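**Q** protein_38.pdb is reproduced in full below (PDB, C-alpha atoms, pLDDT in the B column).
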```
ATOM      1  CA  MET A   1      11.378   1.702  15.546  1.00 46.00           C
ATOM      2  CA  SER A   2       9.247  -0.985  13.957  1.00 64.00           C
ATOM      3  CA  GLU A   3       7.052   1.529  12.146  1.00 93.00           C
ATOM      4  CA  ASN A   4       7.861   2.484   8.562  1.00 98.00           C
ATOM      5  CA  VAL A   5       7.948   5.862   6.871  1.00 98.00           C
ATOM      6  CA  SER A   6       4.504   6.560   5.430  1.00 98.00           C
ATOM      7  CA  LEU A   7       3.253   8.363   2.331  1.00 98.00           C
ATOM      8  CA  VAL A   8       0.786  11.084   1.428  1.00 98.00           C
ATOM      9  CA  ILE A   9      -0.445  11.393  -2.165  1.00 98.00           C
ATOM     10  CA  VAL A  10      -1.634  14.858  -3.236  1.00 98.00           C
ATOM     11  CA  SER A  11      -3.233  15.241  -6.657  1.00 98.00           C
ATOM     12  CA  HIS A  12      -5.520  17.836  -8.217  1.00 97.00           C
ATOM     13  CA  SER A  13      -7.822  14.926  -9.003  1.00 97.00           C
ATOM     14  CA  PRO A  14      -9.350  12.921  -6.134  1.00 97.00           C
ATOM     15  CA  ASP A  15      -9.518   9.907  -8.467  1.00 97.00           C
ATOM     16  CA  ILE A  16      -5.808  10.042  -9.244  1.00 97.00           C
ATOM     17  CA  ALA A  17      -4.957  10.440  -5.549  1.00 98.00           C
ATOM     18  CA  ARG A  18      -7.160   7.496  -4.571  1.00 98.00           C
ATOM     19  CA  GLY A  19      -6.004   5.358  -7.504  1.00 98.00           C
ATOM     20  CA  THR A  20      -2.329   5.986  -6.773  1.00 98.00           C
ATOM     21  CA  ALA A  21      -2.792   5.056  -3.116  1.00 98.00           C
ATOM     22  CA  GLU A  22      -4.666   1.912  -4.153  1.00 98.00           C
ATOM     23  CA  MET A  23      -1.920   0.975  -6.626  1.00 97.00           C
ATOM     24  CA  VAL A  24       0.671   1.273  -3.857  1.00 97.00           C
ATOM     25  CA  ARG A  25      -1.448  -0.920  -1.588  1.00 97.00           C
ATOM     26  CA  GLN A  26      -1.818  -3.617  -4.243  1.00 96.00           C
ATOM     27  CA  MET A  27       1.775  -3.545  -5.494  1.00 96.00           C
ATOM     28  CA  VAL A  28       3.733  -3.014  -2.322  1.00 96.00           C
ATOM     29  CA  GLY A  29       1.341  -4.108   0.425  1.00 95.00           C
ATOM     30  CA  GLU A  30      -0.118  -2.958   3.699  1.00 94.00           C
ATOM     31  CA  GLU A  31       3.077  -2.333   5.657  1.00 95.00           C
ATOM     32  CA  VAL A  32       3.396   1.249   4.440  1.00 97.00           C
ATOM     33  CA  LYS A  33       0.599   3.633   5.444  1.00 98.00           C
ATOM     34  CA  VAL A  34      -0.668   5.731   2.533  1.00 98.00           C
ATOM     35  CA  ALA A  35      -3.079   8.639   2.904  1.00 98.00           C
ATOM     36  CA  HIS A  36      -4.357  10.571  -0.072  1.00 98.00           C
ATOM     37  CA  CYS A  37      -6.220  13.765  -0.886  1.00 97.00           C
ATOM     38  CA  GLY A  38      -7.267  15.619  -4.006  1.00 97.00           C
ATOM     39  CA  GLY A  39      -9.811  18.078  -5.275  1.00 94.00           C
ATOM     40  CA  ASN A  40     -10.916  21.421  -3.864  1.00 91.00           C
ATOM     41  CA  PRO A  41     -13.684  21.846  -1.233  1.00 88.00           C
ATOM     42  CA  GLU A  42     -16.190  22.637  -4.037  1.00 91.00           C
ATOM     43  CA  GLY A  43     -15.670  19.227  -5.592  1.00 88.00           C
ATOM     44  CA  GLY A  44     -13.606  20.382  -8.553  1.00 94.00           C
ATOM     45  CA  LEU A  45      -9.981  19.820  -9.488  1.00 96.00           C
ATOM     46  CA  GLY A  46      -7.501  21.365  -7.105  1.00 96.00           C
ATOM     47  CA  THR A  47      -5.698  20.927  -3.828  1.00 96.00           C
ATOM     48  CA  ASP A  48      -6.448  22.251  -0.383  1.00 96.00           C
ATOM     49  CA  VAL A  49      -4.029  22.972   2.457  1.00 97.00           C
ATOM     50  CA  GLN A  50      -6.440  21.769   5.160  1.00 97.00           C
ATOM     51  CA  ARG A  51      -7.035  18.466   3.376  1.00 97.00           C
ATOM     52  CA  ILE A  52      -3.297  17.981   2.982  1.00 98.00           C
ATOM     53  CA  LEU A  53      -2.823  18.622   6.713  1.00 98.00           C
ATOM     54  CA  GLN A  54      -5.535  16.054   7.485  1.00 98.00           C
ATOM     55  CA  ALA A  55      -3.895  13.516   5.174  1.00 98.00           C
ATOM     56  CA  ILE A  56      -0.538  14.048   6.914  1.00 98.00           C
ATOM     57  CA  GLU A  57      -2.336  13.475  10.223  1.00 98.00           C
ATOM     58  CA  ARG A  58      -3.921  10.212   8.974  1.00 98.00           C
ATOM     59  CA  ALA A  59      -0.617   8.927   7.624  1.00 98.00           C
ATOM     60  CA  TRP A  60       1.495  10.112  10.548  1.00 98.00           C
ATOM     61  CA  SER A  61       4.456   7.951  11.485  1.00 97.00           C
ATOM     62  CA  PRO A  62       7.217   8.885  13.928  1.00 97.00           C
ATOM     63  CA  ARG A  63       9.647   7.719  11.223  1.00 98.00           C
ATOM     64  CA  GLY A  64       8.346  10.477   8.943  1.00 98.00           C
ATOM     65  CA  VAL A  65       6.022  11.154   6.031  1.00 98.00           C
ATOM     66  CA  ALA A  66       6.979  11.516   2.355  1.00 98.00           C
ATOM     67  CA  ILE A  67       4.597  13.520   0.164  1.00 98.00           C
ATOM     68  CA  LEU A  68       4.139  12.853  -3.555  1.00 98.00           C
ATOM     69  CA  VAL A  69       2.414  15.543  -5.615  1.00 98.00           C
ATOM     70  CA  ASP A  70       1.343  16.098  -9.207  1.00 97.00           C
ATOM     71  CA  LEU A  71       1.359  19.699 -10.471  1.00 93.00           C
ATOM     72  CA  GLY A  72       2.082  23.273  -9.325  1.00 90.00           C
ATOM     73  CA  GLY A  73      -0.565  23.971  -6.687  1.00 94.00           C
ATOM     74  CA  ALA A  74      -0.209  20.524  -5.171  1.00 96.00           C
ATOM     75  CA  GLU A  75       3.434  21.324  -4.516  1.00 96.00           C
ATOM     76  CA  THR A  76       2.969  24.857  -3.132  1.00 97.00           C
ATOM     77  CA  ASN A  77      -0.019  23.839  -0.988  1.00 97.00           C
ATOM     78  CA  SER A  78       1.944  20.861   0.374  1.00 98.00           C
ATOM     79  CA  GLU A  79       4.846  23.167   1.226  1.00 97.00           C
ATOM     80  CA  MET A  80       2.375  25.438   2.992  1.00 98.00           C
ATOM     81  CA  ALA A  81       0.895  22.493   4.889  1.00 98.00           C
ATOM     82  CA  ILE A  82       4.372  21.434   6.038  1.00 98.00           C
ATOM     83  CA  GLU A  83       5.055  24.976   7.287  1.00 97.00           C
ATOM     84  CA  MET A  84       1.800  24.905   9.274  1.00 97.00           C
ATOM     85  CA  LEU A  85       2.720  21.687  11.113  1.00 97.00           C
ATOM     86  CA  PRO A  86       3.819  21.825  14.747  1.00 96.00           C
ATOM     87  CA  GLU A  87       7.544  22.438  14.882  1.00 95.00           C
ATOM     88  CA  ASP A  88       8.432  18.959  16.161  1.00 95.00           C
ATOM     89  CA  ARG A  89       6.742  17.372  13.135  1.00 96.00           C
ATOM     90  CA  ARG A  90       7.862  19.794  10.454  1.00 96.00           C
ATOM     91  CA  SER A  91      11.292  18.250   9.993  1.00 96.00           C
ATOM     92  CA  ARG A  92       9.798  14.785   9.613  1.00 98.00           C
ATOM     93  CA  VAL A  93       7.651  15.577   6.565  1.00 98.00           C
ATOM     94  CA  VAL A  94       9.282  15.982   3.149  1.00 98.00           C
ATOM     95  CA  LEU A  95       8.142  16.663  -0.370  1.00 98.00           C
ATOM     96  CA  CYS A  96       9.538  14.310  -3.041  1.00 97.00           C
ATOM     97  CA  ASN A  97      10.529  15.771  -6.386  1.00 95.00           C
ATOM     98  CA  ALA A  98       9.320  12.745  -8.358  1.00 96.00           C
ATOM     99  CA  PRO A  99       6.496  11.674 -10.680  1.00 96.00           C
ATOM    100  CA  ILE A 100       3.448  10.967  -8.521  1.00 97.00           C
ATOM    101  CA  VAL A 101       2.626   7.358  -9.463  1.00 97.00           C
ATOM    102  CA  GLU A 102       6.106   6.001 -10.124  1.00 96.00           C
ATOM    103  CA  GLY A 103       7.548   7.954  -7.208  1.00 97.00           C
ATOM    104  CA  ALA A 104       4.901   6.574  -4.855  1.00 98.00           C
ATOM    105  CA  ILE A 105       5.667   2.960  -5.831  1.00 97.00           C
ATOM    106  CA  MET A 106       9.433   3.464  -5.493  1.00 97.00           C
ATOM    107  CA  ALA A 107       9.096   5.337  -2.198  1.00 98.00           C
ATOM    108  CA  ALA A 108       6.742   2.733  -0.733  1.00 98.00           C
ATOM    109  CA  THR A 109       8.980  -0.165  -1.761  1.00 97.00           C
ATOM    110  CA  GLU A 110      11.942   1.527  -0.096  1.00 97.00           C
ATOM    111  CA  ALA A 111       9.877   2.395   3.001  1.00 98.00           C
ATOM    112  CA  SER A 112       8.608  -1.195   3.322  1.00 96.00           C
ATOM    113  CA  GLY A 113      12.131  -2.342   4.157  1.00 94.00           C
ATOM    114  CA  GLY A 114      12.384   0.079   7.080  1.00 96.00           C
ATOM    115  CA  ALA A 115      14.405   2.760   5.269  1.00 97.00           C
ATOM    116  CA  SER A 116      14.779   6.259   6.722  1.00 97.00           C
ATOM    117  CA  LEU A 117      12.829   9.257   5.425  1.00 98.00           C
ATOM    118  CA  ALA A 118      15.927  10.560   3.621  1.00 97.00           C
ATOM    119  CA  GLU A 119      16.438   7.171   1.926  1.00 97.00           C
ATOM    120  CA  VAL A 120      12.779   6.988   0.910  1.00 97.00           C
ATOM    121  CA  ARG A 121      12.922  10.443  -0.668  1.00 97.00           C
ATOM    122  CA  ALA A 122      16.223   9.707  -2.401  1.00 97.00           C
ATOM    123  CA  THR A 123      14.768   6.525  -3.905  1.00 96.00           C
ATOM    124  CA  ALA A 124      11.713   8.357  -5.276  1.00 96.00           C
ATOM    125  CA  GLU A 125      13.911  11.144  -6.633  1.00 95.00           C
ATOM    126  CA  GLU A 126      16.368   8.699  -8.217  1.00 92.00           C
ATOM    127  CA  LEU A 127      13.728   8.362 -10.925  1.00 77.00           C
ATOM    128  CA  SER A 128      13.947  11.944 -12.048  1.00 63.00           C
ATOM    129  CA  PRO A 129      16.262  12.552 -14.982  1.00 55.00           C
ATOM    130  CA  VAL A 130      19.430  14.409 -14.075  1.00 49.00           C
ATOM    131  CA  THR A 131      19.368  17.806 -15.764  1.00 44.00           C
TER     132      THR A 131
ATOM    133  CA  MET B   1      19.050 -24.824  -8.307  1.00 55.00           C
ATOM    134  CA  THR B   2      21.460 -24.829  -5.396  1.00 56.00           C
ATOM    135  CA  ALA B   3      23.506 -21.914  -4.221  1.00 64.00           C
ATOM    136  CA  PHE B   4      27.255 -22.359  -3.991  1.00 65.00           C
ATOM    137  CA  PRO B   5      30.182 -20.279  -2.725  1.00 65.00           C
ATOM    138  CA  ASP B   6      31.507 -17.987  -5.411  1.00 59.00           C
ATOM    139  CA  PRO B   7      34.900 -19.385  -6.504  1.00 60.00           C
ATOM    140  CA  ALA B   8      36.014 -15.879  -7.433  1.00 59.00           C
ATOM    141  CA  SER B   9      35.847 -14.681  -3.852  1.00 55.00           C
ATOM    142  CA  PRO B  10      35.634 -17.677  -1.489  1.00 53.00           C
ATOM    143  CA  ASP B  11      37.004 -15.725   1.457  1.00 54.00           C
ATOM    144  CA  ARG B  12      34.183 -13.200   1.340  1.00 62.00           C
ATOM    145  CA  LYS B  13      31.492 -15.836   1.696  1.00 72.00           C
ATOM    146  CA  ALA B  14      29.830 -14.760  -1.552  1.00 91.00           C
ATOM    147  CA  VAL B  15      27.067 -17.067  -2.713  1.00 95.00           C
ATOM    148  CA  THR B  16      25.804 -17.108  -6.288  1.00 96.00           C
ATOM    149  CA  ALA B  17      23.025 -18.808  -8.200  1.00 96.00           C
ATOM    150  CA  SER B  18      21.150 -18.277 -11.421  1.00 96.00           C
ATOM    151  CA  VAL B  19      17.589 -18.896 -12.449  1.00 96.00           C
ATOM    152  CA  ARG B  20      15.579 -18.581 -15.658  1.00 95.00           C
ATOM    153  CA  LEU B  21      12.976 -15.810 -15.591  1.00 94.00           C
ATOM    154  CA  ARG B  22       9.794 -17.565 -16.749  1.00 90.00           C
ATOM    155  CA  HIS B  23       7.486 -14.699 -15.910  1.00 87.00           C
ATOM    156  CA  GLU B  24       5.519 -13.888 -19.058  1.00 86.00           C
ATOM    157  CA  ALA B  25       6.091 -10.126 -19.025  1.00 88.00           C
ATOM    158  CA  GLY B  26       9.679 -10.245 -17.757  1.00 89.00           C
ATOM    159  CA  LEU B  27      10.837  -8.365 -14.686  1.00 91.00           C
ATOM    160  CA  HIS B  28       8.121  -5.707 -14.867  1.00 90.00           C
ATOM    161  CA  ALA B  29       6.811  -3.538 -12.046  1.00 92.00           C
ATOM    162  CA  ARG B  30       5.173  -6.001  -9.688  1.00 93.00           C
ATOM    163  CA  PRO B  31       7.823  -8.749  -9.864  1.00 95.00           C
ATOM    164  CA  ALA B  32      10.526  -6.092  -9.431  1.00 95.00           C
ATOM    165  CA  VAL B  33       8.832  -4.801  -6.279  1.00 96.00           C
ATOM    166  CA  LYS B  34       8.557  -8.348  -4.892  1.00 96.00           C
ATOM    167  CA  LEU B  35      12.175  -9.152  -5.662  1.00 97.00           C
ATOM    168  CA  THR B  36      13.409  -5.935  -4.049  1.00 97.00           C
ATOM    169  CA  LYS B  37      11.234  -6.353  -0.957  1.00 97.00           C
ATOM    170  CA  LEU B  38      12.497  -9.906  -0.478  1.00 97.00           C
ATOM    171  CA  ALA B  39      16.141  -8.868  -0.927  1.00 98.00           C
ATOM    172  CA  LYS B  40      15.667  -6.181   1.738  1.00 97.00           C
ATOM    173  CA  LYS B  41      14.718  -8.834   4.306  1.00 96.00           C
ATOM    174  CA  PHE B  42      18.322 -10.047   4.420  1.00 97.00           C
ATOM    175  CA  SER B  43      21.295  -8.302   5.942  1.00 96.00           C
ATOM    176  CA  ALA B  44      23.626  -9.660   3.241  1.00 97.00           C
ATOM    177  CA  LYS B  45      24.674  -7.462   0.337  1.00 97.00           C
ATOM    178  CA  VAL B  46      22.528  -8.833  -2.485  1.00 98.00           C
ATOM    179  CA  SER B  47      23.217  -8.166  -6.154  1.00 98.00           C
ATOM    180  CA  VAL B  48      21.544  -9.202  -9.375  1.00 97.00           C
ATOM    181  CA  ALA B  49      22.885  -9.332 -12.929  1.00 96.00           C
ATOM    182  CA  MET B  50      21.757 -10.444 -16.353  1.00 93.00           C
ATOM    183  CA  LEU B  51      25.213 -11.779 -17.233  1.00 93.00           C
ATOM    184  CA  PRO B  52      27.309 -14.111 -15.052  1.00 91.00           C
ATOM    185  CA  ASP B  53      30.137 -11.559 -14.904  1.00 91.00           C
ATOM    186  CA  GLY B  54      27.879  -8.620 -14.176  1.00 88.00           C
ATOM    187  CA  PRO B  55      27.458  -5.685 -14.205  1.00 94.00           C
ATOM    188  CA  TRP B  56      26.026  -6.359 -10.740  1.00 96.00           C
ATOM    189  CA  ILE B  57      23.317  -4.074  -9.487  1.00 96.00           C
ATOM    190  CA  ASP B  58      21.978  -3.668  -5.954  1.00 97.00           C
ATOM    191  CA  ALA B  59      18.982  -6.037  -5.653  1.00 97.00           C
ATOM    192  CA  LYS B  60      17.657  -3.868  -2.810  1.00 97.00           C
ATOM    193  CA  SER B  61      17.312  -0.840  -5.098  1.00 96.00           C
ATOM    194  CA  ILE B  62      13.829  -0.830  -6.638  1.00 95.00           C
ATOM    195  CA  VAL B  63      14.776   1.863  -9.144  1.00 94.00           C
ATOM    196  CA  LYS B  64      17.804  -0.073 -10.409  1.00 94.00           C
ATOM    197  CA  VAL B  65      16.045  -3.456 -10.464  1.00 95.00           C
ATOM    198  CA  MET B  66      13.111  -2.077 -12.447  1.00 92.00           C
ATOM    199  CA  ALA B  67      15.462  -0.265 -14.817  1.00 91.00           C
ATOM    200  CA  THR B  68      17.049  -3.565 -15.914  1.00 90.00           C
ATOM    201  CA  LYS B  69      13.865  -4.314 -17.927  1.00 89.00           C
ATOM    202  CA  THR B  70      14.904  -7.980 -17.809  1.00 91.00           C
ATOM    203  CA  PRO B  71      12.913  -9.796 -20.502  1.00 92.00           C
ATOM    204  CA  HIS B  72      10.993 -13.081 -20.344  1.00 92.00           C
ATOM    205  CA  ASP B  73      13.315 -16.133 -20.512  1.00 93.00           C
ATOM    206  CA  ALA B  74      16.438 -14.215 -19.484  1.00 94.00           C
ATOM    207  CA  LEU B  75      18.805 -15.864 -17.020  1.00 95.00           C
ATOM    208  CA  LEU B  76      18.935 -13.907 -13.758  1.00 96.00           C
ATOM    209  CA  HIS B  77      22.099 -14.152 -11.668  1.00 97.00           C
ATOM    210  CA  PHE B  78      22.089 -13.506  -7.943  1.00 97.00           C
ATOM    211  CA  ARG B  79      25.070 -12.928  -5.694  1.00 97.00           C
ATOM    212  CA  ALA B  80      25.029 -12.334  -1.971  1.00 98.00           C
ATOM    213  CA  GLU B  81      27.761 -11.616   0.559  1.00 97.00           C
ATOM    214  CA  GLY B  82      27.362 -11.658   4.308  1.00 95.00           C
ATOM    215  CA  GLU B  83      25.852 -13.564   7.217  1.00 94.00           C
ATOM    216  CA  ASP B  84      22.641 -14.776   5.587  1.00 96.00           C
ATOM    217  CA  ALA B  85      23.950 -14.788   1.998  1.00 97.00           C
ATOM    218  CA  GLU B  86      22.945 -18.375   1.234  1.00 96.00           C
ATOM    219  CA  ALA B  87      19.422 -17.947   2.611  1.00 97.00           C
ATOM    220  CA  ALA B  88      19.032 -14.760   0.584  1.00 98.00           C
ATOM    221  CA  VAL B  89      20.070 -16.366  -2.699  1.00 97.00           C
ATOM    222  CA  LEU B  90      17.906 -19.436  -2.103  1.00 97.00           C
ATOM    223  CA  ALA B  91      14.873 -17.295  -1.254  1.00 97.00           C
ATOM    224  CA  LEU B  92      15.313 -15.115  -4.358  1.00 97.00           C
ATOM    225  CA  VAL B  93      15.758 -18.119  -6.651  1.00 97.00           C
ATOM    226  CA  ALA B  94      12.634 -19.682  -5.128  1.00 97.00           C
ATOM    227  CA  LEU B  95      10.670 -16.470  -5.702  1.00 97.00           C
ATOM    228  CA  VAL B  96      11.581 -16.431  -9.392  1.00 96.00           C
ATOM    229  CA  GLU B  97      11.021 -20.191  -9.800  1.00 94.00           C
ATOM    230  CA  ARG B  98       7.579 -19.933  -8.219  1.00 93.00           C
ATOM    231  CA  ASP B  99       6.783 -17.081 -10.608  1.00 92.00           C
ATOM    232  CA  PHE B 100       6.427 -14.336  -7.988  1.00 93.00           C
ATOM    233  CA  PRO B 101       3.414 -15.634  -6.031  1.00 90.00           C
ATOM    234  CA  ASP B 102       1.294 -13.019  -4.271  1.00 79.00           C
ATOM    235  CA  ALA B 103       1.406 -13.890  -0.587  1.00 57.00           C
ATOM    236  CA  GLY B 104       4.585 -14.117   1.424  1.00 47.00           C
TER     237      GLY B 104
END
```
Can the structure from this file be put into structure tokens for me?
**A**
Amino acid sequence: MSENVSLVIVSHSPDIARGTAEMVRQMVGEEVKVAHCGGNPEGGLGTDVQRILQAIERAWSPRGVAILVDLGGAETNSEMAIEMLPEDRRSRVVLCNAPIVEGAIMAATEASGGASLAEVRATAEELSPVT
Amino acid sequence: MTAFPDPASPDRKAVTASVRLRHEAGLHARPAVKLTKLAKKFSAKVSVAMLPDGPWIDAKSIVKVMATKTPHDALLHFRAEGEDAEAAVLALVALVERDFPDAG
């Protein structure tokens, strides 16, 4: 159980996805795997279920994967990607209801200490104002 | 700065120490991440406060540590309870004194 929970960053913009992943790497370090994806297959803004599935595959950890998203489609496409996963993996991938950059830093910091997937998600979501 | 058993709760093996935060920008994002990651390496319960009497917050909680927005030149207080409490407090004080160096 030495492996940590890993992260997937899903943004409409490939630059934001890449930049967020890079910020996590520089701030938190290499001990948490971070995969990222953004943009549609035509090169414009958007998100794509297949790319999200590939990012989950690249980031895969038996401890689980936490996904951070930006807006609307990123969330619904990530939910769709989770539903398309093999059944034994589906329960180990969760979507965090948190701001993408801040949530990623908080989630990665928590994950770096060996926290569980539920703890990682709770830490990212602790940021969101209680409504 | 040396760590010493907390006189308020000697039986619980609490260790406390304080250190001046010299970091130019205060306890902003990167120092907060480093402090939290270091605290997580110890099994002891580790708390941090800006006043000697608290309120104490969980030093292993990145969200709470960052939310303190501790400014430059503030005095940071650490308290740890448990097996490796003294090592935890000494390591955290050293991190702040060395101004949050990058490696290690």
**Q** Within 8 Å of chain B, which residues belong to chain A? Use only C-alpha atoms and report them as a list in words.
**A** Met27, Val28, Met106, Thr109, Glu110, Ser112, Gly113, Thr123, Glu126 and Leu127 of chain A
**Q** Run the PyMOL selection byres ((chain B and resi 20-25) around 9) against the file shown and list the residues it catches, as a PyMOL selection string.
**A** chain B and resi 18-19+26-28+31+70-77+96-97+99-100
**Q** Could you tell me how far atom CA of Ser43 of chain B lies from atom CA of Ala111 of chain A, in Å and to one decimal?
**A**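 That distance, rounded to one decimal, is 15.9 Å.
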**Q** Taking into account only C-alpha atoms, which residue in the set B:Leu35, B:Ala80, B:Leu92, B:Val15 is nearest to Ser47 of chain B?
**A** B:Ala80
**Q** Between atom CA of Ile57 of chain B and atom CA of Ala88 of chain B, what is the spacing in Å?
**A**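 Between atom CA of Ala88 of chain B and atom CA of Ile57 of chain B the gap works out to 15.3 Å.
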**Q** Might you pull out every residue within 8 Å of Lys45 of chain B, with all atoms listed in the file counted and same-chain residues fewer than 6 positions away left off, and present them as a ChimeraX atom specification?
**A** /B:58,80-82,85
**Q** Please identify all polymer residues within 8 Å of Ser6 of chain A, counting only C-alpha atoms, omitting same-chain residues fewer than 2 positions from it, and present them as a list of chain:residue names.
**A**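 Close residues of Ser6 of chain A: A:Asn4, A:Val8, A:Val32, A:Lys33, A:Val34, A:Ala59, A:Trp60, A:Ser61, A:Arg63, A:Gly64, A:Val65, A:Ala66, A:Ala108, A:Ala111.
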**Q** When you draw a straight line from atom CA of Val94 of chain A to atom CA of Glu31 of chain A, how long is it in Å?
**A**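 That distance, rounded to one decimal, is 19.5 Å.
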**Q** Using the chain letters and residue numbers of this document, give as a list in words the residues selected by the PyMOL selection byres ((chain A and resi 45) around 6).
**A**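 After applying the PyMOL selection byres ((chain A and resi 45) around 6), what remains is His12, Ser13, Gly39, Asn40, Gly44 and Gly46 of chain A.
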**Q** Can you give me, as a ChimeraX atom specification, the residues this file yields under the PyMOL selection byres ((chain A and resi 52-54) around 8)?
**A** /A:10,37,47-51,55-58,77-78,81-82,85
**Q** In terms of the shortest atom-to-atom distance over only C-alpha atoms, which of B:Thr68, B:Lys13, B:Glu86, B:Phe78 is closest to Val46 of chain B?
**A** B:Phe78
**Q** Please determine, counting only C-alpha atoms, which residue among A:Ala104, A:Ala124, A:Cys96, A:Leu71 has the shortest atom-to-atom distance to Gly19 of chain A.
**A**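 Checking each candidate against Gly19 of chain A, we get A:Ala104 as the closest.
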